[in-house]
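Visitor: This is the structure I want to talk about, given as structure tokens.
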Amino acid sequence: MDINVMMQYMSYLLVAIGLMAFMVSVITQVIKAWPGLDRLPTSALVIVLSLILCPVAFLALMAWQKRPVTWWMIFGCMVAASWLHWFQWMVGSVLRKFGVEPVIRNQSRRR
């Protein structure tokens with residue numbers, strides 16, 4: 001395989017990871033803003049959302065490309081979902097080092 005094609009696929013992969021992390025963050029913000037659900041642990045909520053959204057997005061992609069899905073593809077998607085959770089945790093810890101607090105924490109402190 002040509003190195004240019006590999007770099008193009010890696011760029012697509014990074015964009016997909018960024019979009020999924022953004023979607024999980026937005027949905028987490030919305031769910032945590034609902035009354036009664038703000039007491040849910042954010043980390044657990046993000047893990048559950050990642051484990052749900054990643055396979056759904058993968059299955060939608062495979063249906064769009066009209067390709068068959070095997071069990072090991074779903075397993076790989078679950079591993080990628082756990083990696084997505086780790087990526088979001090790392091971004092949050094880096095932002096906290098620079099003094100940026102997530103919106104979820106600011107809302108809970110105001111109450």
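Labels for the structure tokens follow display order: chains A, B, ..., residues from 1 in each chain, ligands from 1.
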Taking only chain A into account, list the residues labelled helix (DSSP H, G or I) by DSSP (computed from the backbone), as a ChimeraX atom specification.
Guide: /A:3-33,42-65,71-97,103-110
Visitor: May I have the residues from that selection written out with C-alpha atoms, as a PDB file, in the first residue's frame?
Guide:
```
ATOM      1  CA  ILE A   3       2.267   5.710   2.040  1.00  0.00           C
ATOM      2  CA  ASN A   4       0.060   8.544   0.750  1.00  0.00           C
ATOM      3  CA  VAL A   5      -3.015   6.312   0.876  1.00  0.00           C
ATOM      4  CA  MET A   6      -2.117   5.176   4.393  1.00  0.00           C
ATOM      5  CA  MET A   7      -1.707   8.783   5.543  1.00  0.00           C
ATOM      6  CA  GLN A   8      -5.086   9.651   4.009  1.00  0.00           C
ATOM      7  CA  TYR A   9      -6.737   6.796   5.914  1.00  0.00           C
ATOM      8  CA  MET A  10      -5.022   7.869   9.135  1.00  0.00           C
ATOM      9  CA  SER A  11      -6.362  11.393   8.618  1.00  0.00           C
ATOM     10  CA  TYR A  12      -9.869   9.989   8.183  1.00  0.00           C
ATOM     11  CA  LEU A  13      -9.432   7.923  11.336  1.00  0.00           C
ATOM     12  CA  LEU A  14      -8.358  10.938  13.390  1.00  0.00           C
ATOM     13  CA  VAL A  15     -11.300  12.972  12.095  1.00  0.00           C
ATOM     14  CA  ALA A  16     -13.684  10.132  12.987  1.00  0.00           C
ATOM     15  CA  ILE A  17     -12.229   9.867  16.498  1.00  0.00           C
ATOM     16  CA  GLY A  18     -12.567  13.614  16.985  1.00  0.00           C
ATOM     17  CA  LEU A  19     -16.168  13.634  15.771  1.00  0.00           C
ATOM     18  CA  MET A  20     -17.126  10.705  18.004  1.00  0.00           C
ATOM     19  CA  ALA A  21     -15.449  12.341  21.015  1.00  0.00           C
ATOM     20  CA  PHE A  22     -17.348  15.555  20.267  1.00  0.00           C
ATOM     21  CA  MET A  23     -20.661  13.714  19.957  1.00  0.00           C
ATOM     22  CA  VAL A  24     -20.117  11.843  23.227  1.00  0.00           C
ATOM     23  CA  SER A  25     -19.213  15.114  24.963  1.00  0.00           C
ATOM     24  CA  VAL A  26     -22.295  16.916  23.651  1.00  0.00           C
ATOM     25  CA  ILE A  27     -24.650  14.088  24.602  1.00  0.00           C
ATOM     26  CA  THR A  28     -23.006  13.879  28.034  1.00  0.00           C
ATOM     27  CA  GLN A  29     -23.522  17.615  28.543  1.00  0.00           C
ATOM     28  CA  VAL A  30     -27.192  17.318  27.592  1.00  0.00           C
ATOM     29  CA  ILE A  31     -27.834  14.297  29.804  1.00  0.00           C
ATOM     30  CA  LYS A  32     -26.032  15.845  32.782  1.00  0.00           C
ATOM     31  CA  ALA A  33     -28.153  19.004  32.416  1.00  0.00           C
ATOM     32  CA  THR A  42     -19.668  11.389  34.369  1.00  0.00           C
ATOM     33  CA  SER A  43     -17.014   8.761  33.692  1.00  0.00           C
ATOM     34  CA  ALA A  44     -19.546   5.922  33.759  1.00  0.00           C
ATOM     35  CA  LEU A  45     -21.909   7.876  31.518  1.00  0.00           C
ATOM     36  CA  VAL A  46     -19.152   8.514  28.984  1.00  0.00           C
ATOM     37  CA  ILE A  47     -18.156   4.835  28.945  1.00  0.00           C
ATOM     38  CA  VAL A  48     -21.757   3.753  28.341  1.00  0.00           C
ATOM     39  CA  LEU A  49     -22.270   6.370  25.619  1.00  0.00           C
ATOM     40  CA  SER A  50     -19.019   5.385  23.912  1.00  0.00           C
ATOM     41  CA  LEU A  51     -19.912   1.698  24.015  1.00  0.00           C
ATOM     42  CA  ILE A  52     -23.297   2.495  22.445  1.00  0.00           C
ATOM     43  CA  LEU A  53     -22.397   5.174  19.897  1.00  0.00           C
ATOM     44  CA  CYS A  54     -19.247   3.604  18.436  1.00  0.00           C
ATOM     45  CA  PRO A  55     -20.875   0.330  17.331  1.00  0.00           C
ATOM     46  CA  VAL A  56     -23.951   2.209  16.059  1.00  0.00           C
ATOM     47  CA  ALA A  57     -21.760   4.515  13.964  1.00  0.00           C
ATOM     48  CA  PHE A  58     -19.742   1.532  12.739  1.00  0.00           C
ATOM     49  CA  LEU A  59     -22.841  -0.423  11.752  1.00  0.00           C
ATOM     50  CA  ALA A  60     -24.208   2.644   9.931  1.00  0.00           C
ATOM     51  CA  LEU A  61     -20.925   2.962   8.031  1.00  0.00           C
ATOM     52  CA  MET A  62     -20.915  -0.704   7.077  1.00  0.00           C
ATOM     53  CA  ALA A  63     -24.560  -0.541   5.951  1.00  0.00           C
ATOM     54  CA  TRP A  64     -23.775   2.542   3.879  1.00  0.00           C
ATOM     55  CA  GLN A  65     -20.847   0.739   2.229  1.00  0.00           C
ATOM     56  CA  TRP A  71     -18.215 -10.501  15.243  1.00  0.00           C
ATOM     57  CA  TRP A  72     -14.557  -9.448  15.413  1.00  0.00           C
ATOM     58  CA  MET A  73     -15.422  -6.122  13.791  1.00  0.00           C
ATOM     59  CA  ILE A  74     -17.897  -5.405  16.583  1.00  0.00           C
ATOM     60  CA  PHE A  75     -15.288  -6.490  19.159  1.00  0.00           C
ATOM     61  CA  GLY A  76     -12.757  -4.114  17.599  1.00  0.00           C
ATOM     62  CA  CYS A  77     -15.349  -1.374  17.727  1.00  0.00           C
ATOM     63  CA  MET A  78     -15.828  -1.981  21.461  1.00  0.00           C
ATOM     64  CA  VAL A  79     -12.064  -1.729  21.963  1.00  0.00           C
ATOM     65  CA  ALA A  80     -12.092   1.515  19.982  1.00  0.00           C
ATOM     66  CA  ALA A  81     -14.941   2.803  22.167  1.00  0.00           C
ATOM     67  CA  SER A  82     -12.904   2.210  25.303  1.00  0.00           C
ATOM     68  CA  TRP A  83      -9.991   3.998  23.643  1.00  0.00           C
ATOM     69  CA  LEU A  84     -12.343   6.894  22.865  1.00  0.00           C
ATOM     70  CA  HIS A  85     -13.192   7.133  26.562  1.00  0.00           C
ATOM     71  CA  TRP A  86      -9.493   7.216  27.425  1.00  0.00           C
ATOM     72  CA  PHE A  87      -8.935   9.944  24.798  1.00  0.00           C
ATOM     73  CA  GLN A  88     -11.690  12.097  26.291  1.00  0.00           C
ATOM     74  CA  TRP A  89     -10.278  11.607  29.791  1.00  0.00           C
ATOM     75  CA  MET A  90      -6.832  12.729  28.588  1.00  0.00           C
ATOM     76  CA  VAL A  91      -8.230  15.824  26.868  1.00  0.00           C
ATOM     77  CA  GLY A  92     -10.149  16.738  30.026  1.00  0.00           C
ATOM     78  CA  SER A  93      -7.072  16.371  32.220  1.00  0.00           C
ATOM     79  CA  VAL A  94      -4.985  18.516  29.855  1.00  0.00           C
ATOM     80  CA  LEU A  95      -7.680  21.206  29.826  1.00  0.00           C
ATOM     81  CA  ARG A  96      -7.786  21.206  33.632  1.00  0.00           C
ATOM     82  CA  LYS A  97      -4.017  21.751  33.717  1.00  0.00           C
ATOM     83  CA  VAL A 103     -19.185  23.014  31.785  1.00  0.00           C
ATOM     84  CA  ILE A 104     -20.620  20.098  33.750  1.00  0.00           C
ATOM     85  CA  ARG A 105     -18.540  20.912  36.805  1.00  0.00           C
ATOM     86  CA  ASN A 106     -19.345  24.628  36.650  1.00  0.00           C
ATOM     87  CA  GLN A 107     -23.089  23.898  36.581  1.00  0.00           C
ATOM     88  CA  SER A 108     -22.934  21.594  39.586  1.00  0.00           C
ATOM     89  CA  ARG A 109     -20.990  24.144  41.644  1.00  0.00           C
ATOM     90  CA  ARG A 110     -23.578  26.862  41.096  1.00  0.00           C
TER      91      ARG A 110
END
```
